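Here's protein_24.txt, which has compact mmCIF, C-alpha atoms:
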```
# COMPACT_ATOMS: atom_id res chain seq x y z
CA MET A 1 79.50 136.13 25.99
CA GLY A 2 82.47 134.52 27.77
CA GLY A 3 86.23 134.33 27.71
CA ALA A 4 88.17 132.54 25.01
CA GLU A 5 88.50 129.45 27.26
CA ILE A 6 84.74 129.17 27.65
CA GLU A 7 84.21 129.67 23.92
CA ARG A 8 86.74 126.89 23.27
CA LEU A 9 84.89 124.62 25.72
CA ILE A 10 81.58 125.30 23.92
CA GLN A 11 83.19 124.70 20.55
CA LEU A 12 84.62 121.34 21.68
CA LEU A 13 81.36 120.25 23.30
CA SER A 14 79.47 121.05 20.11
CA LYS A 15 81.57 118.41 18.32
CA LEU A 16 80.06 115.65 20.49
CA PRO A 17 77.33 113.53 18.91
CA GLY A 18 73.85 114.80 19.71
CA LEU A 19 75.08 118.29 20.65
CA GLY A 20 74.72 121.31 18.40
CA PRO A 21 76.00 124.81 19.21
CA ARG A 22 72.96 125.67 21.36
CA SER A 23 72.94 122.48 23.40
CA ALA A 24 76.75 122.70 23.75
CA ARG A 25 76.28 126.16 25.27
CA ARG A 26 73.71 124.76 27.71
CA ALA A 27 76.03 121.89 28.67
CA ALA A 28 78.93 124.31 29.14
CA LEU A 29 76.82 126.56 31.36
CA HIS A 30 75.77 123.52 33.39
CA LEU A 31 79.44 122.64 33.92
CA LEU A 32 80.39 126.22 34.81
CA LYS A 33 77.70 126.33 37.49
CA ARG A 34 78.92 123.03 38.97
CA ARG A 35 82.63 123.69 38.87
CA ASP A 36 83.61 121.65 41.94
CA GLY A 37 80.92 119.00 41.87
CA LEU A 38 81.05 118.11 38.18
CA MET A 39 83.43 120.11 36.01
CA LEU A 40 86.70 119.24 37.79
CA ALA A 41 85.67 115.62 38.27
CA LEU A 42 84.80 115.40 34.56
CA ALA A 43 88.12 116.98 33.57
CA GLN A 44 90.03 114.55 35.79
CA ALA A 45 88.08 111.58 34.43
CA LEU A 46 88.73 112.69 30.83
CA THR A 47 92.45 113.10 31.50
CA ALA A 48 92.69 109.75 33.28
CA VAL A 49 90.94 107.91 30.44
CA ALA A 50 92.91 109.74 27.74
CA ASP A 51 96.19 108.82 29.47
CA ALA A 52 95.29 105.18 29.97
CA LEU A 53 93.31 104.50 26.76
CA HIS A 54 94.43 101.52 24.69
CA SER A 55 93.06 99.59 21.78
CA CYS A 56 93.08 95.96 22.94
CA SER A 57 95.79 94.10 21.05
CA LEU A 58 93.63 90.95 21.00
CA CYS A 59 90.13 92.10 20.13
CA GLY A 60 90.39 95.79 19.18
CA ASN A 61 88.10 96.96 22.00
CA LEU A 62 88.83 100.34 23.58
CA ASP A 63 89.77 100.08 27.25
CA THR A 64 92.21 101.39 29.81
CA SER A 65 94.10 98.11 29.94
CA ASP A 66 95.65 95.92 27.28
CA PRO A 67 94.36 93.21 26.92
CA CYS A 68 90.95 94.69 27.72
CA ALA A 69 88.82 93.72 30.72
CA ILE A 70 86.71 91.34 28.58
CA CYS A 71 89.71 89.49 27.12
CA ASN A 72 91.25 89.30 30.62
CA ASP A 73 88.09 87.96 32.27
CA PRO A 74 88.58 84.21 32.90
CA ARG A 75 84.80 83.75 33.30
CA ARG A 76 84.18 84.61 29.64
CA ASP A 77 83.67 81.70 27.26
CA ALA A 78 86.83 81.43 25.17
CA ALA A 79 85.15 79.03 22.72
CA THR A 80 82.87 81.69 21.20
CA LEU A 81 83.99 84.80 19.34
CA CYS A 82 81.52 87.50 18.41
CA VAL A 83 82.68 89.65 15.48
CA ILE A 84 81.33 93.22 15.40
CA GLU A 85 81.91 96.26 13.23
CA ASP A 86 82.64 98.77 15.91
CA VAL A 87 83.15 99.22 19.67
CA ALA A 88 79.64 100.74 19.83
CA ASP A 89 78.24 97.35 18.74
CA LEU A 90 80.30 95.61 21.46
CA TRP A 91 78.80 97.94 24.06
CA ALA A 92 75.29 97.25 22.69
CA ILE A 93 75.73 93.47 22.96
CA GLU A 94 77.29 93.78 26.43
CA ARG A 95 74.32 95.92 27.49
CA SER A 96 71.97 93.13 26.46
CA GLY A 97 73.80 90.65 28.73
CA ALA A 98 72.95 87.92 26.20
CA PHE A 99 76.50 87.00 25.24
CA ARG A 100 79.21 85.65 27.55
CA GLY A 101 81.95 84.92 25.02
CA ARG A 102 84.71 87.13 23.67
CA TYR A 103 84.71 89.74 20.92
CA HIS A 104 86.62 90.78 17.86
CA VAL A 105 86.19 94.34 16.56
CA LEU A 106 86.64 94.53 12.77
CA GLY A 107 86.87 98.31 12.69
CA GLY A 108 84.26 98.80 9.94
CA VAL A 109 82.79 96.97 6.97
CA LEU A 110 83.76 96.53 3.33
CA SER A 111 82.55 99.65 1.57
CA ALA A 112 82.88 100.48 -2.11
CA LEU A 113 81.77 104.06 -1.49
CA ASP A 114 84.25 104.77 1.30
CA GLY A 115 87.05 102.71 -0.28
CA VAL A 116 87.29 100.30 2.65
CA GLY A 117 88.82 96.98 1.56
CA PRO A 118 89.73 93.83 3.52
CA GLU A 119 93.20 95.24 4.29
CA GLU A 120 91.66 98.11 6.24
CA LEU A 121 89.77 95.72 8.53
CA ALA A 122 91.09 93.47 11.31
CA ILE A 123 90.30 90.30 9.34
CA ALA A 124 93.81 88.78 9.44
CA GLY A 125 93.77 89.02 13.25
CA LEU A 126 90.38 87.32 13.32
CA VAL A 127 91.61 84.44 11.15
CA ARG A 128 94.59 84.02 13.52
CA ARG A 129 92.32 83.98 16.58
CA ALA A 130 89.86 81.57 14.95
CA ALA A 131 92.72 79.13 14.29
CA ASP A 132 93.17 78.73 18.06
CA PRO A 133 91.87 75.22 18.93
CA ALA A 134 90.03 76.70 21.92
CA VAL A 135 87.71 78.65 19.58
CA LYS A 136 84.72 76.58 18.44
CA GLU A 137 82.30 79.15 17.04
CA VAL A 138 82.51 82.56 15.41
CA ILE A 139 79.33 84.67 15.44
CA LEU A 140 79.27 87.38 12.78
CA ALA A 141 77.18 90.17 14.32
CA MET A 142 77.27 92.69 11.51
CA ASN A 143 74.48 95.12 10.60
CA ALA A 144 71.72 93.93 8.26
CA THR A 145 72.92 96.23 5.48
CA VAL A 146 74.33 95.46 2.04
CA GLU A 147 77.84 96.40 3.23
CA GLY A 148 77.46 94.55 6.54
CA GLN A 149 76.27 91.34 4.89
CA ALA A 150 78.88 91.57 2.10
CA THR A 151 81.43 91.64 4.93
CA VAL A 152 79.73 88.62 6.57
CA HIS A 153 80.08 86.60 3.35
CA TYR A 154 83.69 87.71 2.85
CA VAL A 155 84.70 86.83 6.43
CA THR A 156 82.87 83.49 6.14
CA ASP A 157 85.02 82.66 3.10
CA ARG A 158 88.18 83.68 4.94
CA LEU A 159 87.26 81.46 7.90
CA ALA A 160 86.48 78.46 5.70
CA GLY A 161 89.70 76.62 6.55
CA ALA A 162 89.79 77.51 10.25
CA GLY A 163 87.68 74.56 11.40
CA VAL A 164 85.20 76.65 13.40
CA ALA A 165 81.42 76.88 13.17
CA VAL A 166 80.42 80.24 11.66
CA SER A 167 77.00 81.76 12.34
CA ARG A 168 75.39 85.14 11.88
CA LEU A 169 72.63 87.08 13.61
CA ALA A 170 69.03 86.42 12.58
CA HIS A 171 67.10 89.08 10.64
CA GLY A 172 63.42 89.65 11.24
CA VAL A 173 60.63 91.13 13.33
CA PRO A 174 61.90 93.26 16.26
CA ILE A 175 60.47 92.67 19.75
CA GLY A 176 57.35 94.81 20.06
CA GLY A 177 57.27 95.28 16.29
CA GLU A 178 53.94 95.29 14.48
CA LEU A 179 53.78 93.60 11.09
CA ASP A 180 51.71 96.44 9.67
CA TYR A 181 54.58 98.90 10.24
CA LEU A 182 57.42 96.69 8.98
CA ASP A 183 59.05 97.39 5.63
CA ASP A 184 58.75 94.81 2.85
CA GLY A 185 62.40 93.79 3.11
CA THR A 186 62.27 92.97 6.83
CA LEU A 187 58.99 91.10 6.39
CA SER A 188 60.27 88.94 3.54
CA THR A 189 63.51 88.22 5.42
CA ALA A 190 61.52 87.27 8.53
CA LEU A 191 59.32 84.94 6.47
CA ASN A 192 62.36 83.30 4.88
CA ALA A 193 63.97 82.81 8.31
CA ARG A 194 60.83 81.38 9.96
CA ARG A 195 61.24 78.37 12.20
CA PRO A 196 58.94 75.72 13.66
CA VAL A 197 57.30 76.38 17.04
CA MET B 1 63.34 123.46 -9.53
CA ASP B 2 61.67 120.17 -8.78
CA TRP B 3 60.91 116.86 -10.41
CA SER B 4 59.66 113.38 -9.48
CA ASP B 5 61.20 110.19 -10.75
CA GLU B 6 61.98 106.60 -9.90
CA GLY B 7 65.51 105.98 -8.67
CA ILE B 8 67.72 103.05 -7.76
CA VAL B 9 69.96 103.73 -4.76
CA LEU B 10 73.61 103.42 -5.81
CA GLY B 11 75.11 104.57 -2.53
CA ALA B 12 74.52 106.80 0.46
CA ARG B 13 76.91 108.69 2.67
CA LYS B 14 76.05 110.03 6.11
CA HIS B 15 75.91 113.81 6.29
CA GLY B 16 75.83 115.38 9.74
CA GLU B 17 74.03 113.39 12.40
CA SER B 18 70.97 112.14 10.64
CA ALA B 19 71.00 113.27 7.00
CA ALA B 20 72.43 111.34 4.06
CA ILE B 21 73.73 112.33 0.65
CA VAL B 22 72.25 109.73 -1.67
CA SER B 23 73.28 108.83 -5.19
CA LEU B 24 70.30 107.61 -7.25
CA LEU B 25 70.19 106.22 -10.76
CA THR B 26 66.94 107.77 -11.95
CA ARG B 27 64.95 106.85 -15.03
CA ASN B 28 64.87 110.31 -16.62
CA HIS B 29 67.59 112.30 -14.86
CA GLY B 30 70.47 109.83 -14.82
CA ARG B 31 72.74 109.49 -11.82
CA HIS B 32 71.68 112.27 -9.52
CA MET B 33 72.74 113.07 -5.97
CA GLY B 34 70.68 114.80 -3.33
CA LEU B 35 70.34 115.27 0.40
CA VAL B 36 67.80 113.17 2.26
CA ARG B 37 66.91 114.68 5.62
CA GLY B 38 66.75 111.91 8.19
CA GLY B 39 68.26 109.52 5.62
CA ALA B 40 70.85 108.28 8.11
CA GLY B 41 68.38 108.25 11.00
CA ARG B 42 66.97 105.17 12.67
CA THR B 43 63.71 105.02 10.76
CA ARG B 44 64.81 105.86 7.20
CA ARG B 45 68.30 104.39 7.04
CA ASN B 46 67.02 101.08 5.64
CA LEU B 47 65.59 102.88 2.58
CA MET B 48 69.05 104.01 1.52
CA GLU B 49 70.47 100.53 0.99
CA PRO B 50 72.11 100.07 -2.44
CA GLY B 51 69.79 98.47 -4.97
CA ASN B 52 66.51 99.70 -3.42
CA LEU B 53 64.01 101.29 -5.78
CA LEU B 54 62.64 104.59 -4.49
CA ASP B 55 60.04 107.07 -5.62
CA ALA B 56 61.99 110.29 -5.33
CA GLU B 57 61.05 113.94 -5.47
CA TRP B 58 63.96 116.34 -5.92
CA ARG B 59 63.83 120.04 -5.06
CA ALA B 60 66.40 122.80 -5.22
CA ARG B 61 66.35 126.57 -5.65
CA LEU B 62 68.74 126.38 -8.61
CA ALA B 63 69.30 123.49 -11.00
CA ASP B 64 73.00 123.14 -10.14
CA HIS B 65 72.41 122.93 -6.39
CA LEU B 66 72.74 119.59 -4.59
CA GLY B 67 69.05 119.78 -3.69
CA THR B 68 67.01 117.65 -1.33
CA TYR B 69 65.20 114.43 -2.01
CA THR B 70 61.93 113.32 -0.48
CA VAL B 71 61.81 109.58 -0.94
CA GLU B 72 59.46 106.67 -0.50
CA LEU B 73 60.35 103.02 -0.79
CA ASP B 74 59.02 101.30 -3.89
CA ARG B 75 60.86 97.94 -3.71
CA ALA B 76 63.46 96.73 -1.22
CA TYR B 77 65.59 94.73 -3.64
CA SER B 78 68.58 94.74 -1.28
CA ALA B 79 66.78 92.86 1.51
CA ALA B 80 65.91 90.03 -0.85
CA VAL B 81 69.56 89.22 -1.62
CA LEU B 82 71.24 89.75 1.76
CA ASP B 83 71.47 86.03 2.53
CA ASP B 84 72.89 84.90 -0.80
CA PRO B 85 76.60 85.76 -1.16
CA LEU B 86 76.71 85.63 -4.96
CA ARG B 87 73.51 87.60 -5.55
CA LEU B 88 74.61 90.18 -2.99
CA ALA B 89 78.00 90.42 -4.70
CA VAL B 90 76.31 90.98 -8.08
CA LEU B 91 73.98 93.67 -6.67
CA SER B 92 76.86 95.44 -4.89
CA SER B 93 78.97 95.31 -8.03
CA ALA B 94 76.20 96.71 -10.25
CA CYS B 95 75.64 99.64 -7.87
CA ALA B 96 79.36 100.36 -7.47
CA VAL B 97 80.04 100.16 -11.23
CA ALA B 98 77.06 102.40 -12.08
CA ASP B 99 78.01 104.89 -9.38
CA GLY B 100 81.61 105.05 -10.58
CA ALA B 101 81.02 104.94 -14.33
CA LEU B 102 77.97 107.08 -15.04
CA PRO B 103 78.40 110.82 -15.33
CA GLU B 104 76.19 112.85 -13.02
CA ARG B 105 72.91 114.32 -14.27
CA GLU B 106 73.09 112.78 -17.73
CA PRO B 107 70.01 110.70 -18.61
CA HIS B 108 70.69 107.01 -19.25
CA ALA B 109 67.20 105.54 -19.46
CA THR B 110 68.47 102.33 -21.10
CA ILE B 111 70.87 101.65 -18.24
CA PHE B 112 68.14 102.34 -15.70
CA ALA B 113 65.77 99.91 -17.44
CA SER B 114 68.51 97.32 -17.83
CA MET B 115 69.49 97.63 -14.17
CA LEU B 116 65.88 97.32 -13.06
CA HIS B 117 65.62 94.18 -15.17
CA LEU B 118 68.79 92.85 -13.52
CA LEU B 119 67.45 93.59 -10.02
CA GLY B 120 64.18 91.87 -10.91
CA GLY B 121 66.10 88.81 -12.08
CA LEU B 122 68.27 88.80 -8.96
CA THR B 123 65.36 88.90 -6.58
CA ARG B 124 62.94 86.65 -8.42
CA ASP B 125 62.29 83.55 -6.38
CA ASN B 126 64.38 81.31 -8.58
CA ALA B 127 65.80 77.89 -7.92
CA GLY B 128 69.56 77.35 -7.95
CA GLY B 129 69.63 76.50 -11.66
CA GLU B 130 68.59 80.03 -12.61
CA VAL B 131 71.84 81.56 -11.48
CA ALA B 132 72.62 81.44 -15.20
CA VAL B 133 69.76 83.87 -15.87
CA TRP B 134 70.81 86.68 -13.57
CA SER B 135 74.53 86.14 -14.14
CA ALA B 136 73.93 86.55 -17.87
CA LEU B 137 71.76 89.60 -17.13
CA TYR B 138 74.65 91.14 -15.22
CA VAL B 139 77.21 90.59 -18.00
CA ARG B 140 74.74 91.99 -20.56
CA TRP B 141 74.06 94.95 -18.28
CA GLU B 142 77.79 95.78 -18.35
CA LEU B 143 77.70 95.52 -22.16
CA ASP B 144 74.70 97.90 -22.19
CA LEU B 145 76.62 100.27 -19.93
CA LEU B 146 79.62 100.24 -22.28
CA ARG B 147 77.32 100.85 -25.27
CA ASP B 148 75.47 103.70 -23.57
CA LEU B 149 78.75 105.36 -22.65
CA GLY B 150 79.89 105.20 -26.26
CA PHE B 151 82.11 102.13 -26.14
CA GLY B 152 79.78 99.51 -27.56
CA LEU B 153 81.21 96.16 -28.62
CA ASP B 154 80.22 94.57 -31.92
CA LEU B 155 79.73 90.91 -31.14
CA SER B 156 77.49 90.12 -34.13
CA VAL B 157 80.00 89.35 -36.92
CA CYS B 158 83.66 88.46 -37.29
CA ALA B 159 85.77 91.57 -37.87
CA ALA B 160 88.14 89.63 -40.14
CA THR B 161 85.84 87.44 -42.27
CA GLY B 162 82.37 88.95 -41.86
CA SER B 163 81.08 85.55 -40.81
CA GLU B 164 78.35 85.27 -38.17
CA ASP B 165 79.32 81.72 -37.20
CA GLY B 166 81.97 80.35 -34.89
CA LEU B 167 82.61 83.62 -33.05
CA ALA B 168 85.06 82.86 -30.24
CA TYR B 169 87.19 85.93 -29.55
CA VAL B 170 86.97 89.69 -29.13
CA SER B 171 89.67 92.05 -30.29
CA PRO B 172 90.86 94.15 -27.32
CA ARG B 173 91.74 96.92 -29.75
CA SER B 174 88.53 97.27 -31.77
CA GLY B 175 85.99 95.62 -29.45
CA ARG B 176 84.75 93.50 -32.39
CA ALA B 177 84.15 89.76 -32.46
CA VAL B 178 86.60 87.43 -34.21
CA SER B 179 85.79 83.92 -35.37
CA LEU B 180 87.62 80.86 -34.11
CA ALA B 181 89.20 80.22 -37.51
CA ALA B 182 90.41 83.78 -38.06
CA GLY B 183 91.57 84.35 -34.49
CA GLU B 184 93.27 81.07 -33.70
CA ALA B 185 96.71 82.35 -34.69
CA TYR B 186 96.31 85.40 -32.41
CA ARG B 187 94.50 83.73 -29.53
CA ASP B 188 97.06 84.90 -26.94
CA ARG B 189 96.32 88.51 -27.82
CA LEU B 190 92.52 88.22 -28.05
CA LEU B 191 89.88 88.12 -25.35
CA SER B 192 87.72 85.02 -25.09
CA LEU B 193 84.09 85.51 -26.18
CA PRO B 194 81.77 83.17 -24.26
CA MET B 195 79.12 81.46 -26.37
CA PHE B 196 76.15 83.01 -24.53
CA LEU B 197 77.19 86.51 -25.59
CA ALA B 198 77.63 85.47 -29.20
CA ASP B 199 74.35 83.60 -29.70
CA GLY B 200 72.07 85.05 -27.00
CA SER B 201 71.69 81.73 -25.18
CA LEU B 202 72.12 81.14 -21.46
CA PRO B 203 75.61 80.43 -20.12
CA ALA B 204 76.16 76.69 -19.82
CA ASP B 205 78.61 76.89 -16.94
CA ILE B 206 80.27 79.28 -14.50
CA ASP B 207 83.38 79.42 -16.66
CA GLN B 208 81.42 81.18 -19.43
CA ILE B 209 80.22 83.82 -16.98
CA ALA B 210 83.72 84.34 -15.62
CA ARG B 211 85.05 84.77 -19.19
CA GLY B 212 82.25 87.23 -19.97
CA LEU B 213 83.16 89.26 -16.88
CA THR B 214 86.85 89.22 -17.83
CA MET B 215 85.94 90.63 -21.22
CA THR B 216 83.59 93.38 -20.00
CA GLY B 217 86.00 94.17 -17.16
CA PHE B 218 88.79 94.74 -19.68
CA PHE B 219 86.77 97.30 -21.65
CA LEU B 220 85.30 98.95 -18.56
CA GLU B 221 88.78 99.37 -17.13
CA ARG B 222 90.32 100.64 -20.36
CA HIS B 223 87.57 102.93 -21.67
CA VAL B 224 85.51 103.97 -18.66
CA PHE B 225 87.39 103.77 -15.36
CA GLY B 226 90.81 104.27 -16.97
CA GLY B 227 89.58 107.53 -18.46
CA LEU B 228 88.48 108.63 -15.01
CA ASN B 229 91.83 107.59 -13.46
CA LYS B 230 90.02 105.18 -11.18
CA PRO B 231 90.44 101.43 -10.73
CA LEU B 232 87.46 99.13 -11.23
CA PRO B 233 85.36 99.13 -8.03
CA ALA B 234 86.52 96.70 -5.33
CA ALA B 235 82.96 95.32 -5.13
CA ARG B 236 83.27 94.18 -8.75
CA GLY B 237 86.61 92.55 -7.99
CA ARG B 238 85.05 90.61 -5.10
CA MET B 239 82.20 89.46 -7.35
CA VAL B 240 84.64 88.27 -10.04
CA SER B 241 86.70 86.43 -7.38
CA HIS B 242 83.50 84.73 -6.24
CA TYR B 243 82.80 83.44 -9.76
CA GLN B 244 86.44 82.43 -10.22
CA ARG B 245 86.36 80.44 -6.97
CA LEU B 246 83.27 78.63 -8.25
CA VAL B 247 85.09 77.88 -11.53
CA GLY B 248 88.05 76.56 -9.52
CA SER B 249 85.85 74.30 -7.43
CA ALA B 250 83.78 72.92 -10.33
CA PRO B 251 84.96 74.22 -13.73
CA SER B 252 82.40 72.53 -15.93
CA ALA B 253 79.64 71.92 -13.41
CA THR B 254 76.09 73.04 -14.02
CA ILE B 255 75.48 76.41 -12.45
CA SER B 256 74.07 76.27 -8.95
CA SER B 257 73.54 78.92 -6.29
CA LYS B 258 76.24 79.73 -3.64
```
Can I see the file as structure tokens?
Amino acid sequence: MGGAEIERLIQLLSKLPGLGPRSARRAALHLLKRRDGLMLALAQALTAVADALHSCSLCGNLDTSDPCAICNDPRRDAATLCVIEDVADLWAIERSGAFRGRYHVLGGVLSALDGVGPEELAIAGLVRRAADPAVKEVILAMNATVEGQATVHYVTDRLAGAGVAVSRLAHGVPIGGELDYLDDGTLSTALNARRPV
Amino acid sequence: MDWSDEGIVLGARKHGESAAIVSLLTRNHGRHMGLVRGGAGRTRRNLMEPGNLLDAEWRARLADHLGTYTVELDRAYSAAVLDDPLRLAVLSSACAVADGALPEREPHATIFASMLHLLGGLTRDNAGGEVAVWSALYVRWELDLLRDLGFGLDLSVCAATGSEDGLAYVSPRSGRAVSLAAGEAYRDRLLSLPMFLADGSLPADIDQIARGLTMTGFFLERHVFGGLNKPLPAARGRMVSHYQRLVGSAPSATISSK
């Protein structure tokens, strides 16, 4: 169908999330047809990011500077730390625009199945950061899963002596959610977490 | 090949973009894995949480194939314990121990029933004082697991005197109970037998539960996980640490939640 270079491009594109072999072929063809307008610019952008990519030494975020743009931003609230599992969660919270503090990326959750223990996560770094007198609250924004919440309880124990308020995200009815379609677990959690209006 | 059964989720691992390979403890088919299409997707991921009870239908062309599951949620036990650190630790430990200890595709109906009983106890709307109930259920579930795997402990009579009274130790070698009088001279080499396992009562304090877990942990490690060249699951270690911290904070206090 094409030269070895094109086949290699298709093969690499098919490794991206959401792309199978067929859609990778379509994406590759799209790039080939827009060599100057898109393909070269994309290649340059990929090279530039790959050359400059760092894991932030403070929070674990992925950025082209170290410390990352969020840790460097003086307008961010240094008193609040939001702990997340992964950089994808950081991007999700940033997208919402609801949080103006700083982050700490744990790099996963405690998992018996995958053999992930506390040593594999950035918990020691979090305890060090929480000991900073400027930090007043740590928000544990882990997923509402057994592993996520087991990590929440573990981190809460580790932060017990740090002198900071520790909170976690609420669990319950999603915006636009209809009770009829909710699973029993979410409904019972929402009922338990009800609050006065 | 196909069958339908009830199954408790022991663990799930993402496979590809949206499928999951799920390990279920089923009533009639033992610990059985299978592929759930869409099991790691947005809408069905919550079903695959450890501890959930599912109605599962398994299909495969040949009996030794991985096969695919079609599942429906029966009871979301996991959601009911997410907010309570100790109950969540117990549920995680039970799932991790069952997943690591039970051989695949070997029926263990007693363990299934015992685990379902444990999950029911964990999620029953009980006041703080009933921690004793589900903690005792957990320790007894581990004893059931040992028995079902062929390493049952005899905690009914003293191995040395034949007496049924004053049982206070367990021999690490034979797994049999030893009375206080007969074992006193060897107490450093014996495991402590908490009262609630000897007489079927409820544990009076956290210390009894911690001692029960030390005892079952010893035999699980030696006979079950040792034989598989695996350490005890980390989730069990975290649960034991939780109980030990509670013992450290209030050694003889009445059991209360968290």
TODO: May I ask for the distance between CA of Asn52 (chain B) and CA of Leu140 (chain A), given in Å to one decimal place?
DONE: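 Result for CA of Asn52 (chain B) versus CA of Leu140 (chain A): 24.0 Å, one decimal.
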For chain B against chain A, which residues fall within 6 Å using only C-alpha atoms, given as a compact mmCIF listing (two decimals) with C-alpha atoms, in the coordinates of the input?
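New file iface-v1.txt:
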```
# COMPACT_ATOMS: atom_id res chain seq x y z
CA ALA B 76 63.46 96.73 -1.22
CA ALA B 79 66.78 92.86 1.51
CA PRO B 85 76.60 85.76 -1.16
CA ALA B 235 82.96 95.32 -5.13
```
Open item on the list: Need the shell around Ala198 (chain B): protein/DNA/RNA residues with any atom at most 8 Å away, counting only C-alpha atoms. Skip same-chain ones fewer than 5 positions apart. Format as a list of chain:residue names?
Closed with: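 Counting only C-alpha atoms, the residues come to B:Leu155, B:Ser156, B:Leu167, B:Ala168, B:Leu193.
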TODO: List the neighbours of Ala160 (chain B) out to 8 Å using all atoms listed in the file; skip same-chain residues closer than 3 positions along the sequence, and give me the result as a VMD selection string.
DONE: chain B and resid 178 to 179 182
- [ ] Take CA of Leu86 (chain B) and CA of His242 (chain B) and report the distance between them in Å, one decimal.
- [x] 7.0 Å
Open item on the list: Just to confirm, what's the straight-line distance from CA of Val83 (chain A) to CA of Leu53 (chain A) in Å (one decimal)?
Closed with: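 CA of Leu53 (chain A) lies at a distance of 21.5 Å from CA of Val83 (chain A).
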